[in-house]
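Peer 1: Have a look at the structure that comes next, please.
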Amino acid sequence: MSTPTIFAAPADLVGAEGRALGPTDWLTIDQARVDGFAEVTGDHQWIHVDVERAKAGPFGGTIAHGYLTMSLVNFFLPQLIEVRGFAHAVNVGADRLRFLSPVRVGARIRGVGEIVTVEEVKGGVQSVVRVTVEIEGEDKPACVVDAISRYYPET
């Protein structure tokens, strides 16, 4: 199991720009996960859920939804970074999302990260962590996204 980089308090993030994080453990993308994502989002496009039809498609089989891959950044982040000593934290959003390669069902993916920016904001600290979702055996990653988090320290 991968071990995250630990920061004892949000203030400890200041000055950590450029720090590499990870990699995480590999995660296999199976058809059940893709089908479940299709169910909760209503995106039942055949390239994701019709195994037989997708065999003749452009990727030789079904692929994960791009937004499924992006949502797994939330799965990878706690494996990359752990900030302690806060009263609460919020997910502010994401910047620079790019889907670079499809994730074929059966592929294994993992996250690697880098702390891009850290700044003090009113009452807390905001960090941007660039997460790259790699595909085992592929040259190009599945996606790259800058995840923005805000931490409010204990008082």
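Residue names in the structure tokens use chain letters A, B, ... in the order shown, residue numbers from 1 in each chain, and ligand numbers from 1 in the order shown.
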Tell me which protein, DNA and RNA residues are within 9 Å of range 56-62 of chain A, counting only C-alpha atoms, leaving out same-chain ones fewer than 5 positions away, and put them as a PDB file with C-alpha atoms, in the first residue's frame.
Peer 2:
ATOM      1  CA  GLN A  31     -16.399  -3.417 -16.359  1.00  0.00           C
ATOM      2  CA  VAL A  34     -17.594   1.393 -15.599  1.00  0.00           C
ATOM      3  CA  TRP A  46     -21.965   1.928 -26.058  1.00  0.00           C
ATOM      4  CA  ILE A  47     -18.197   2.568 -26.023  1.00  0.00           C
ATOM      5  CA  HIS A  48     -18.407   2.224 -22.237  1.00  0.00           C
ATOM      6  CA  VAL A  49     -21.079  -0.399 -21.594  1.00  0.00           C
ATOM      7  CA  ASP A  50     -21.661  -2.569 -24.678  1.00  0.00           C
ATOM      8  CA  VAL A  51     -18.823  -5.089 -24.492  1.00  0.00           C
ATOM      9  CA  PRO A 102      -8.471   6.278 -23.082  1.00  0.00           C
ATOM     10  CA  VAL A 103      -8.484   3.784 -20.220  1.00  0.00           C
ATOM     11  CA  ARG A 104      -9.423   0.381 -21.578  1.00  0.00           C
ATOM     12  CA  VAL A 105     -11.404  -1.884 -19.290  1.00  0.00           C
TER      13      VAL A 105
END
Peer 1: If DSSP is run on the backbone, what residues of chain A are strand (DSSP E or B)? A reply as a compact mmCIF listing (two decimals) with C-alpha atoms, in the first residue's frame would be ideal.
Peer 2:
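Dumped to result14.txt:
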# COMPACT_ATOMS: atom_id res chain seq x y z
CA THR A 5 3.34 12.47 2.07
CA ILE A 6 2.20 13.78 5.45
CA PHE A 7 1.96 17.42 6.52
CA ALA A 20 6.59 15.11 -5.95
CA LEU A 21 3.90 12.87 -4.48
CA LEU A 27 -6.06 0.17 -9.54
CA THR A 28 -7.63 -2.17 -12.10
CA ILE A 63 -13.24 2.12 -22.13
CA ILE A 81 -1.00 13.55 0.41
CA GLU A 82 -2.30 13.72 3.95
CA VAL A 83 -2.73 17.05 5.70
CA PHE A 86 -7.23 21.09 10.37
CA ALA A 87 -10.73 21.78 11.59
CA HIS A 88 -12.21 21.22 8.15
CA ALA A 89 -11.19 21.09 4.51
CA VAL A 90 -13.06 21.74 1.30
CA ASN A 91 -12.65 20.68 -2.29
CA VAL A 92 -12.59 24.02 -4.13
CA GLY A 93 -12.56 22.50 -7.62
CA ALA A 94 -10.21 21.63 -10.43
CA ASP A 95 -8.29 23.41 -13.15
CA ARG A 96 -6.51 22.30 -16.33
CA LEU A 97 -8.35 19.01 -16.81
CA ARG A 98 -7.10 17.11 -19.85
CA PHE A 99 -7.99 13.63 -21.08
CA ARG A 104 -9.42 0.38 -21.58
CA ARG A 108 -4.42 -0.62 -14.39
CA ILE A 109 -4.09 3.04 -13.47
CA ARG A 110 -2.38 4.95 -10.67
CA GLY A 111 -1.91 8.51 -9.58
CA VAL A 112 1.25 10.57 -9.26
CA GLY A 113 1.20 14.09 -7.98
CA GLU A 114 3.04 17.33 -7.59
CA ILE A 115 2.27 20.25 -5.32
CA VAL A 116 1.95 23.11 -7.80
CA THR A 117 0.99 26.08 -5.62
CA VAL A 118 0.27 26.83 -2.00
CA GLU A 119 -1.13 30.12 -0.79
CA GLU A 120 -2.58 31.51 2.34
CA VAL A 121 -6.24 32.46 1.97
CA GLY A 124 -6.70 28.91 5.80
CA VAL A 125 -4.30 27.50 3.25
CA GLN A 126 -5.12 26.58 -0.34
CA SER A 127 -3.10 24.06 -2.31
CA VAL A 128 -3.14 22.96 -5.92
CA VAL A 129 -1.97 19.40 -6.49
CA ARG A 130 -1.49 18.30 -10.09
CA VAL A 131 -2.54 14.67 -10.34
CA THR A 132 -1.49 12.66 -13.36
CA VAL A 133 -3.37 9.41 -13.85
CA GLU A 134 -0.96 6.97 -15.47
CA ILE A 135 -1.93 3.85 -17.39
CA CYS A 143 -5.63 12.44 -17.62
CA VAL A 144 -4.03 15.32 -15.82
CA VAL A 145 -5.94 17.59 -13.45
CA ASP A 146 -5.06 20.30 -10.95
CA ALA A 147 -7.04 19.56 -7.78
CA ILE A 148 -7.64 22.58 -5.54
CA SER A 149 -8.10 22.04 -1.81
CA ARG A 150 -8.53 24.49 1.04
CA TYR A 151 -7.62 23.64 4.63
CA TYR A 152 -8.82 25.55 7.68
CA PRO A 153 -6.57 24.95 10.69
Peer 1: Considering only C-alpha atoms, state which residue in the set A:Ala38, A:Gln45, A:Leu80, A:Thr3 is at the smallest distance from Leu68 in chain A.
Peer 2: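 Nearest candidate to Leu68 in chain A out of A:Ala38, A:Gln45, A:Leu80, A:Thr3: A:Ala38.
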Peer 1: Which of these residues is nearest to Leu100 in chain A, using only C-alpha atoms: A:Arg84, A:Lys140, A:His65, A:His44?
Peer 2: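 Under the stated criterion, the closest residue is A:Lys140.
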Peer 1: Would you please work out which residue, of A:Pro141, A:Met1, A:Val40, A:Glu154, is nearest to Pro78 in chain A when using only C-alpha atoms?
Peer 2: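 Among the listed residues, A:Met1 lies closest to Pro78 in chain A.
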Peer 1: Quick one: of A:Thr155, A:Leu72, A:Gly15, A:Asp43, who's nearest to Ala142 in chain A, counting only C-alpha atoms?
Peer 2: A:Leu72
Peer 1: Report, in Å to a single decimal, how far apart CA of Asp25 in chain A and CA of Ala8 in chain A are.
Peer 2: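 Separating CA of Ala8 in chain A from CA of Asp25 in chain A is a distance of 23.0 Å.
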Peer 1: Taking the chain letters and numbering used in this document, name the residues of chain A that DSSP puts in helix (DSSP H, G or I), as an NGL selection string.
Peer 2: :A and (10-13 or 31-41 or 46-49 or 51-55 or 66-71 or 73-80)
Peer 1: Selection from above, N, CA and C atoms, as an mmCIF file, in the first residue's frame, can you write it?
Peer 2:
data_model
loop_
_atom_site.group_PDB
_atom_site.id
_atom_site.type_symbol
_atom_site.label_atom_id
_atom_site.label_comp_id
_atom_site.auth_asym_id
_atom_site.auth_seq_id
_atom_site.Cartn_x
_atom_site.Cartn_y
_atom_site.Cartn_z
ATOM 1 N N PRO A 10 -1.796 22.476 8.019
ATOM 2 C CA PRO A 10 -1.907 23.161 6.731
ATOM 3 C C PRO A 10 -0.757 24.138 6.467
ATOM 4 N N ALA A 11 -0.297 24.836 7.493
ATOM 5 C CA ALA A 11 0.797 25.805 7.320
ATOM 6 C C ALA A 11 2.074 25.132 6.818
ATOM 7 N N ASP A 12 2.222 23.846 7.083
ATOM 8 C CA ASP A 12 3.414 23.123 6.638
ATOM 9 C C ASP A 12 3.459 22.930 5.124
ATOM 10 N N LEU A 13 2.338 23.151 4.461
ATOM 11 C CA LEU A 13 2.319 23.081 3.000
ATOM 12 C C LEU A 13 3.071 24.243 2.361
ATOM 13 N N GLN A 31 -15.129 -3.780 -15.717
ATOM 14 C CA GLN A 31 -16.399 -3.417 -16.359
ATOM 15 C C GLN A 31 -17.461 -3.068 -15.323
ATOM 16 N N ALA A 32 -17.440 -3.710 -14.168
ATOM 17 C CA ALA A 32 -18.432 -3.408 -13.130
ATOM 18 C C ALA A 32 -18.322 -1.954 -12.674
ATOM 19 N N ARG A 33 -17.111 -1.456 -12.537
ATOM 20 C CA ARG A 33 -16.921 -0.050 -12.134
ATOM 21 C C ARG A 33 -17.446 0.882 -13.231
ATOM 22 N N VAL A 34 -17.139 0.571 -14.472
ATOM 23 C CA VAL A 34 -17.594 1.393 -15.599
ATOM 24 C C VAL A 34 -19.121 1.370 -15.680
ATOM 25 N N ASP A 35 -19.705 0.183 -15.545
ATOM 26 C CA ASP A 35 -21.164 0.062 -15.589
ATOM 27 C C ASP A 35 -21.807 0.824 -14.428
ATOM 28 N N GLY A 36 -21.212 0.764 -13.256
ATOM 29 C CA GLY A 36 -21.734 1.495 -12.106
ATOM 30 C C GLY A 36 -21.694 2.993 -12.322
ATOM 31 N N PHE A 37 -20.613 3.463 -12.913
ATOM 32 C CA PHE A 37 -20.510 4.894 -13.214
ATOM 33 C C PHE A 37 -21.567 5.294 -14.233
ATOM 34 N N ALA A 38 -21.766 4.447 -15.243
ATOM 35 C CA ALA A 38 -22.799 4.723 -16.248
ATOM 36 C C ALA A 38 -24.175 4.814 -15.590
ATOM 37 N N GLU A 39 -24.413 3.941 -14.636
ATOM 38 C CA GLU A 39 -25.711 3.924 -13.960
ATOM 39 C C GLU A 39 -25.950 5.205 -13.172
ATOM 40 N N VAL A 40 -24.955 5.644 -12.414
ATOM 41 C CA VAL A 40 -25.181 6.831 -11.574
ATOM 42 C C VAL A 40 -25.154 8.131 -12.368
ATOM 43 N N THR A 41 -24.529 8.138 -13.531
ATOM 44 C CA THR A 41 -24.460 9.370 -14.321
ATOM 45 C C THR A 41 -25.442 9.390 -15.487
ATOM 46 N N TRP A 46 -22.396 3.297 -25.785
ATOM 47 C CA TRP A 46 -21.965 1.928 -26.058
ATOM 48 C C TRP A 46 -20.472 1.715 -25.876
ATOM 49 N N ILE A 47 -19.661 2.724 -26.132
ATOM 50 C CA ILE A 47 -18.197 2.568 -26.023
ATOM 51 C C ILE A 47 -17.777 2.221 -24.590
ATOM 52 N N HIS A 48 -18.684 2.509 -23.642
ATOM 53 C CA HIS A 48 -18.407 2.224 -22.237
ATOM 54 C C HIS A 48 -19.076 0.938 -21.739
ATOM 55 N N VAL A 49 -20.284 0.653 -22.230
ATOM 56 C CA VAL A 49 -21.079 -0.399 -21.594
ATOM 57 C C VAL A 49 -21.447 -1.584 -22.483
ATOM 58 N N VAL A 51 -20.080 -4.352 -24.311
ATOM 59 C CA VAL A 51 -18.823 -5.089 -24.492
ATOM 60 C C VAL A 51 -18.706 -5.674 -25.898
ATOM 61 N N GLU A 52 -19.758 -6.270 -26.399
ATOM 62 C CA GLU A 52 -19.710 -6.903 -27.722
ATOM 63 C C GLU A 52 -19.534 -5.866 -28.830
ATOM 64 N N ARG A 53 -20.316 -4.817 -28.810
ATOM 65 C CA ARG A 53 -20.210 -3.781 -29.844
ATOM 66 C C ARG A 53 -18.853 -3.083 -29.796
ATOM 67 N N ALA A 54 -18.354 -2.841 -28.570
ATOM 68 C CA ALA A 54 -17.087 -2.125 -28.408
ATOM 69 C C ALA A 54 -15.897 -2.922 -28.944
ATOM 70 N N LYS A 55 -16.019 -4.246 -29.022
ATOM 71 C CA LYS A 55 -14.925 -5.054 -29.577
ATOM 72 C C LYS A 55 -14.586 -4.621 -30.995
ATOM 73 N N GLY A 66 -14.266 9.283 -19.371
ATOM 74 C CA GLY A 66 -13.247 10.246 -18.952
ATOM 75 C C GLY A 66 -13.529 10.788 -17.564
ATOM 76 N N TYR A 67 -14.802 11.077 -17.295
ATOM 77 C CA TYR A 67 -15.139 11.631 -15.982
ATOM 78 C C TYR A 67 -15.037 10.594 -14.865
ATOM 79 N N LEU A 68 -15.134 9.321 -15.191
ATOM 80 C CA LEU A 68 -14.846 8.290 -14.194
ATOM 81 C C LEU A 68 -13.373 8.361 -13.828
ATOM 82 N N THR A 69 -12.526 8.429 -14.843
ATOM 83 C CA THR A 69 -11.089 8.528 -14.591
ATOM 84 C C THR A 69 -10.783 9.756 -13.749
ATOM 85 N N MET A 70 -11.385 10.894 -14.110
ATOM 86 C CA MET A 70 -11.159 12.113 -13.336
ATOM 87 C C MET A 70 -11.648 11.946 -11.898
ATOM 88 N N SER A 71 -12.801 11.309 -11.716
ATOM 89 C CA SER A 71 -13.338 11.169 -10.362
ATOM 90 C C SER A 71 -12.431 10.313 -9.485
ATOM 91 N N VAL A 73 -9.391 10.614 -9.201
ATOM 92 C CA VAL A 73 -8.395 11.487 -8.573
ATOM 93 C C VAL A 73 -8.713 11.608 -7.088
ATOM 94 N N ASN A 74 -10.000 11.645 -6.748
ATOM 95 C CA ASN A 74 -10.411 11.710 -5.348
ATOM 96 C C ASN A 74 -10.032 10.436 -4.592
ATOM 97 N N PHE A 75 -9.955 9.316 -5.282
ATOM 98 C CA PHE A 75 -9.490 8.058 -4.696
ATOM 99 C C PHE A 75 -7.979 8.100 -4.477
ATOM 100 N N PHE A 76 -7.258 8.708 -5.430
ATOM 101 C CA PHE A 76 -5.801 8.724 -5.360
ATOM 102 C C PHE A 76 -5.255 9.787 -4.401
ATOM 103 N N LEU A 77 -5.924 10.921 -4.271
ATOM 104 C CA LEU A 77 -5.376 12.019 -3.458
ATOM 105 C C LEU A 77 -4.991 11.606 -2.034
ATOM 106 N N PRO A 78 -5.845 10.872 -1.291
ATOM 107 C CA PRO A 78 -5.439 10.477 0.064
ATOM 108 C C PRO A 78 -4.244 9.532 0.090
ATOM 109 N N GLN A 79 -3.967 8.863 -1.030
ATOM 110 C CA GLN A 79 -2.781 8.014 -1.119
ATOM 111 C C GLN A 79 -1.537 8.839 -1.436
ATOM 112 N N LEU A 80 -1.745 10.058 -1.946
ATOM 113 C CA LEU A 80 -0.634 10.934 -2.321
ATOM 114 C C LEU A 80 -0.254 11.908 -1.220
#
Peer 1: Pick out the closest residue to Ile29 in chain A from this set: A:Gly106, A:Gly42, A:Gly85, A:Gly137. Count only C-alpha atoms.
Peer 2: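 Of A:Gly106, A:Gly42, A:Gly85, A:Gly137, the one nearest Ile29 in chain A, counting only C-alpha atoms, is A:Gly106.
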Peer 1: Kindly give the distance, in Å, that separates CA of Ser101 in chain A and CA of Ala64 in chain A, rounded to a single decimal.
Peer 2: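 Interatomic distance here is 10.5 Å.
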